Amino acid sequence: MPSSNSGFQRLSQSALSRSRFLRLAAGALLPLVGLRPSAAAAPNPELAQNSGAPGTKHAAAPGRMGAILVSEFGPVKLHSYLSPTDGLQVNTQMIEGPTAVVIFDGQLLLPYADEVASYVQTLGKPVDRIILSHAHTDHWSGLQVLTERFPNARVFALDGVADQVRARGPARLDRLGRAYGDRAATMVTIPTETISEGLQRIDGVAYDFKRFVNAESDLQLAALLPEQKVLMAFDLVFSPNEHAFTGSNHFDHWMIVLESLKALQGYDTIIIGHDTPVGRSAIDSTMTYVKRAKEIRAASADAKSYSEKLKAAFPDLQQAGFVDLSASYLYAAPD
Ligand SMILES: [Zn+2]
């Protein structure tokens, strides 16, 4: 199908142009990742040429802390909001169809969720629904803001996710509040609707929803968008530039899940839970990481040792905070 292919190519080109995206985002990320000012200030003639043309572009706004990447596929647009590093570079995806917007995931911190909500409002279409990809706090805590700002949007998740959020949410928010103060959510947002597996259309966009267990989290939604040739893998796949969260201790089964994603056809671009979109090779780099982390877990007696060895094994990766967080979960005393 030529129309969807051309849309994919536009997304793919930009998805692979990570350095370009980072330059675009540098205004927001500069204080946090230490990019040199010269890189941040570099003019971007490619963007200037692209602005106003269909395809993938960065939606800039003065004062915005996060970065937004927009990929256009005919009447369908994928808007990806990426939070700054202190928000764990969580992505919120906004799928804009002809008449409505579907939001996936809700940010870790309230100010970033607020930026998402403000951006969605500029699209001028109602929010059909909000879909939570999994029960980890960095993806649901900001739903507090989105459900306040879009009170008619119901929150969907796979069967079982609501129970996990309900059970673990209050303790997670306590921890979050100690770390982030008034930037952290104050209430647990529990999904009220169940999303079923399989192919369905929402506002004309086809989604093949898939359920995976015991990978990065106990229970994870993924969605193949066959017409856009995009796999929304969320935290099943991590960026080759970042550490992954390994705190759920599912190393072996996560590898099996990654093998199944490799075997799955019909996509070339992967939208991930943290950082900018990646190609299929990110499945391999995630497998390399998980395999090494498993070995280090087996050889480490405590959290400190696990953290140090894993950081030493991948010294160039960003988001080292994921390693410390993972270690604290892996080596926590059983309750
Ligand atoms: Zn995550």
# chains A, B, ... in the order shown; residues from 1 in each chain; ligands from 1

call {"tool": "residues_around", "arguments": {"residues": "Val165 of chain A", "least_positions_apart": "6", "cutoff": "12 Å", "atoms": "only C-alpha atoms", "output": "list in words"}}
result
Leu132, Ser133, His134, Ala135, His136, Thr137, Asp138, His139, Trp140, Ser141, Leu143, Ala157, Leu158, Asp159, Ala171, Arg172, Leu173, Met187, Val188, Thr189, Ile190, Pro191, Thr192, Asp218 and Leu219 of chain A

call {"tool": "residues_around", "arguments": {"residues": "Tyr289 of chain A", "least_positions_apart": "2", "cutoff": "9 Å", "atoms": "only C-alpha atoms", "output": "ChimeraX atom specification"}}
result
/A:240,243-244,284-287,291-294,314

call {"tool": "residues_near_ligand", "arguments": {"ligand": "ligand 1", "cutoff": "12 Å", "atoms": "only C-alpha atoms and all ligand atoms", "output": "ChimeraX atom specification"}}
result
/A:83,87-92,105-108,132-141,215-217,220,233-239,242-248,272-275,319,322,325-326

call {"tool": "residues_around", "arguments": {"residues": "Tyr207 of chain A", "least_positions_apart": "3", "cutoff": "10 Å", "atoms": "only C-alpha atoms", "output": "PyMOL selection string"}}
result
chain A and resi 197-202+204+210+222-228+230-232

call {"tool": "atom_distance", "arguments": {"atom1": "atom CA of Lys229 of chain A", "atom2": "atom CA of Phe251 of chain A"}}
result
27.8 Å

call {"tool": "atom_distance", "arguments": {"atom1": "atom CA of Met94 of chain A", "atom2": "atom CA of Asp128 of chain A"}}
result
10.7 Å

call {"tool": "select_by_dssp", "arguments": {"residues": "segment 224-328 of chain A", "states": "strand (DSSP E or B)", "output": "JSON, numbers by chain"}}
result
{"A": [224, 225, 230, 231, 232, 233, 234, 242, 269, 270, 271, 272, 274, 278, 279, 318]}

call {"tool": "write_last_selection", "arguments": {"atoms": "all heavy atoms", "output": "compact mmCIF listing (two decimals), in the first residue's frame"}}
result
# COMPACT_ATOMS: atom_id res chain seq x y z
N LEU A 224 0.17 -3.48 17.61
CA LEU A 224 0.69 -3.37 16.25
C LEU A 224 -0.29 -2.52 15.46
O LEU A 224 -1.50 -2.77 15.47
CB LEU A 224 0.80 -4.77 15.63
CG LEU A 224 1.29 -4.84 14.20
CD1 LEU A 224 2.74 -4.37 14.09
CD2 LEU A 224 1.19 -6.28 13.67
N LEU A 225 0.24 -1.48 14.81
CA LEU A 225 -0.58 -0.64 13.93
C LEU A 225 -0.23 -1.05 12.50
O LEU A 225 0.73 -0.54 11.91
CB LEU A 225 -0.29 0.85 14.16
CG LEU A 225 -1.01 1.52 15.34
CD1 LEU A 225 -0.69 0.88 16.67
CD2 LEU A 225 -0.71 3.01 15.38
N VAL A 230 3.87 0.16 12.42
CA VAL A 230 4.47 0.58 13.69
C VAL A 230 4.07 -0.42 14.77
O VAL A 230 2.91 -0.83 14.84
CB VAL A 230 3.97 1.99 14.07
CG1 VAL A 230 4.33 2.33 15.52
CG2 VAL A 230 4.52 3.04 13.11
N LEU A 231 5.03 -0.81 15.60
CA LEU A 231 4.73 -1.61 16.79
C LEU A 231 4.89 -0.71 18.01
O LEU A 231 5.96 -0.14 18.24
CB LEU A 231 5.68 -2.81 16.91
CG LEU A 231 5.48 -3.64 18.19
CD1 LEU A 231 4.15 -4.37 18.18
CD2 LEU A 231 6.63 -4.63 18.38
N MET A 232 3.81 -0.56 18.75
CA MET A 232 3.91 0.14 20.03
C MET A 232 4.27 -0.93 21.06
O MET A 232 3.40 -1.69 21.51
CB MET A 232 2.58 0.82 20.39
CG MET A 232 2.12 1.80 19.32
SD MET A 232 0.50 2.54 19.69
CE MET A 232 1.00 3.78 20.88
N ALA A 233 5.54 -1.01 21.41
CA ALA A 233 6.02 -2.09 22.29
C ALA A 233 6.14 -1.62 23.74
O ALA A 233 6.31 -2.44 24.64
CB ALA A 233 7.37 -2.60 21.81
N PHE A 234 6.06 -0.32 23.95
CA PHE A 234 6.20 0.24 25.29
C PHE A 234 7.47 -0.32 25.95
O PHE A 234 8.51 -0.36 25.33
CB PHE A 234 4.92 0.03 26.10
CG PHE A 234 3.72 0.64 25.42
CD1 PHE A 234 2.82 -0.15 24.71
CD2 PHE A 234 3.53 2.01 25.43
CE1 PHE A 234 1.74 0.42 24.05
CE2 PHE A 234 2.45 2.59 24.75
CZ PHE A 234 1.56 1.79 24.07
N GLU A 242 19.87 3.61 26.29
CA GLU A 242 19.46 3.75 27.69
C GLU A 242 19.49 2.40 28.41
O GLU A 242 19.27 1.35 27.81
CB GLU A 242 18.03 4.30 27.78
CG GLU A 242 17.92 5.72 27.29
CD GLU A 242 16.60 6.37 27.66
OE1 GLU A 242 15.68 5.67 28.12
OE2 GLU A 242 16.51 7.60 27.51
N THR A 269 9.11 0.10 12.57
CA THR A 269 9.41 1.12 13.59
C THR A 269 8.78 0.69 14.90
O THR A 269 7.65 0.20 14.93
CB THR A 269 8.85 2.49 13.16
OG1 THR A 269 9.46 2.85 11.92
CG2 THR A 269 9.13 3.55 14.20
N ILE A 270 9.53 0.86 15.98
CA ILE A 270 9.03 0.49 17.31
C ILE A 270 8.94 1.74 18.17
O ILE A 270 9.93 2.46 18.36
CB ILE A 270 9.95 -0.54 17.99
CG1 ILE A 270 10.21 -1.73 17.06
CG2 ILE A 270 9.34 -1.01 19.31
CD1 ILE A 270 11.23 -2.72 17.63
N ILE A 271 7.75 1.98 18.66
CA ILE A 271 7.54 3.06 19.63
C ILE A 271 7.72 2.44 21.00
O ILE A 271 7.10 1.42 21.33
CB ILE A 271 6.14 3.67 19.43
CG1 ILE A 271 6.15 4.56 18.19
CG2 ILE A 271 5.70 4.43 20.67
CD1 ILE A 271 4.81 5.15 17.85
N ILE A 272 8.59 3.05 21.79
CA ILE A 272 8.97 2.46 23.08
C ILE A 272 8.50 3.35 24.23
O ILE A 272 8.13 4.50 24.03
CB ILE A 272 10.49 2.20 23.13
CG1 ILE A 272 11.29 3.45 22.74
CG2 ILE A 272 10.84 1.04 22.22
CD1 ILE A 272 12.80 3.27 22.76
N HIS A 274 10.18 4.57 26.72
CA HIS A 274 11.13 5.61 27.10
C HIS A 274 12.02 5.91 25.89
O HIS A 274 12.53 4.99 25.26
CB HIS A 274 12.02 5.15 28.25
CG HIS A 274 11.24 4.76 29.48
ND1 HIS A 274 11.07 5.60 30.56
CD2 HIS A 274 10.55 3.63 29.78
CE1 HIS A 274 10.32 4.99 31.47
NE2 HIS A 274 9.99 3.79 31.03
N VAL A 278 12.53 3.58 17.70
CA VAL A 278 13.71 2.82 17.31
C VAL A 278 13.35 1.87 16.17
O VAL A 278 12.18 1.65 15.87
CB VAL A 278 14.26 1.99 18.50
CG1 VAL A 278 14.84 2.90 19.57
CG2 VAL A 278 13.17 1.10 19.10
N GLY A 279 14.38 1.30 15.55
CA GLY A 279 14.19 0.27 14.54
C GLY A 279 14.18 -1.11 15.19
O GLY A 279 14.34 -1.25 16.42
N GLN A 318 22.52 5.92 29.00
CA GLN A 318 21.87 6.93 29.83
C GLN A 318 20.86 6.25 30.77
O GLN A 318 20.56 5.09 30.64
CB GLN A 318 21.15 7.95 28.93
CG GLN A 318 22.08 8.68 27.97
CD GLN A 318 21.32 9.38 26.86
OE1 GLN A 318 20.17 9.77 27.03
NE2 GLN A 318 21.97 9.55 25.73

call {"tool": "atom_distance", "arguments": {"atom1": "atom CA of Phe150 of chain A", "atom2": "atom CA of Ala179 of chain A"}}
result
27.1 Å

call {"tool": "closest_residue", "arguments": {"among": "A:Arg178, A:Lys304, A:Asn214, A:Ala185", "to": "Met255 of chain A", "atoms": "only C-alpha atoms"}}
result
A:Asn214

call {"tool": "closest_residue", "arguments": {"among": "A:Leu109, A:Asp252, A:Asp203, A:Gly66", "to": "Gly177 of chain A", "atoms": "only C-alpha atoms"}}
result
A:Leu109

call {"tool": "closest_residue", "arguments": {"among": "A:Ser300, A:Thr194, A:Thr288, A:Thr276", "to": "Leu258 of chain A", "atoms": "only C-alpha atoms"}}
result
A:Thr288

call {"tool": "closest_residue", "arguments": {"among": "A:Glu148, A:Val205, A:Ala301, A:Pro111", "to": "Phe73 of chain A", "atoms": "only C-alpha atoms"}}
result
A:Val205
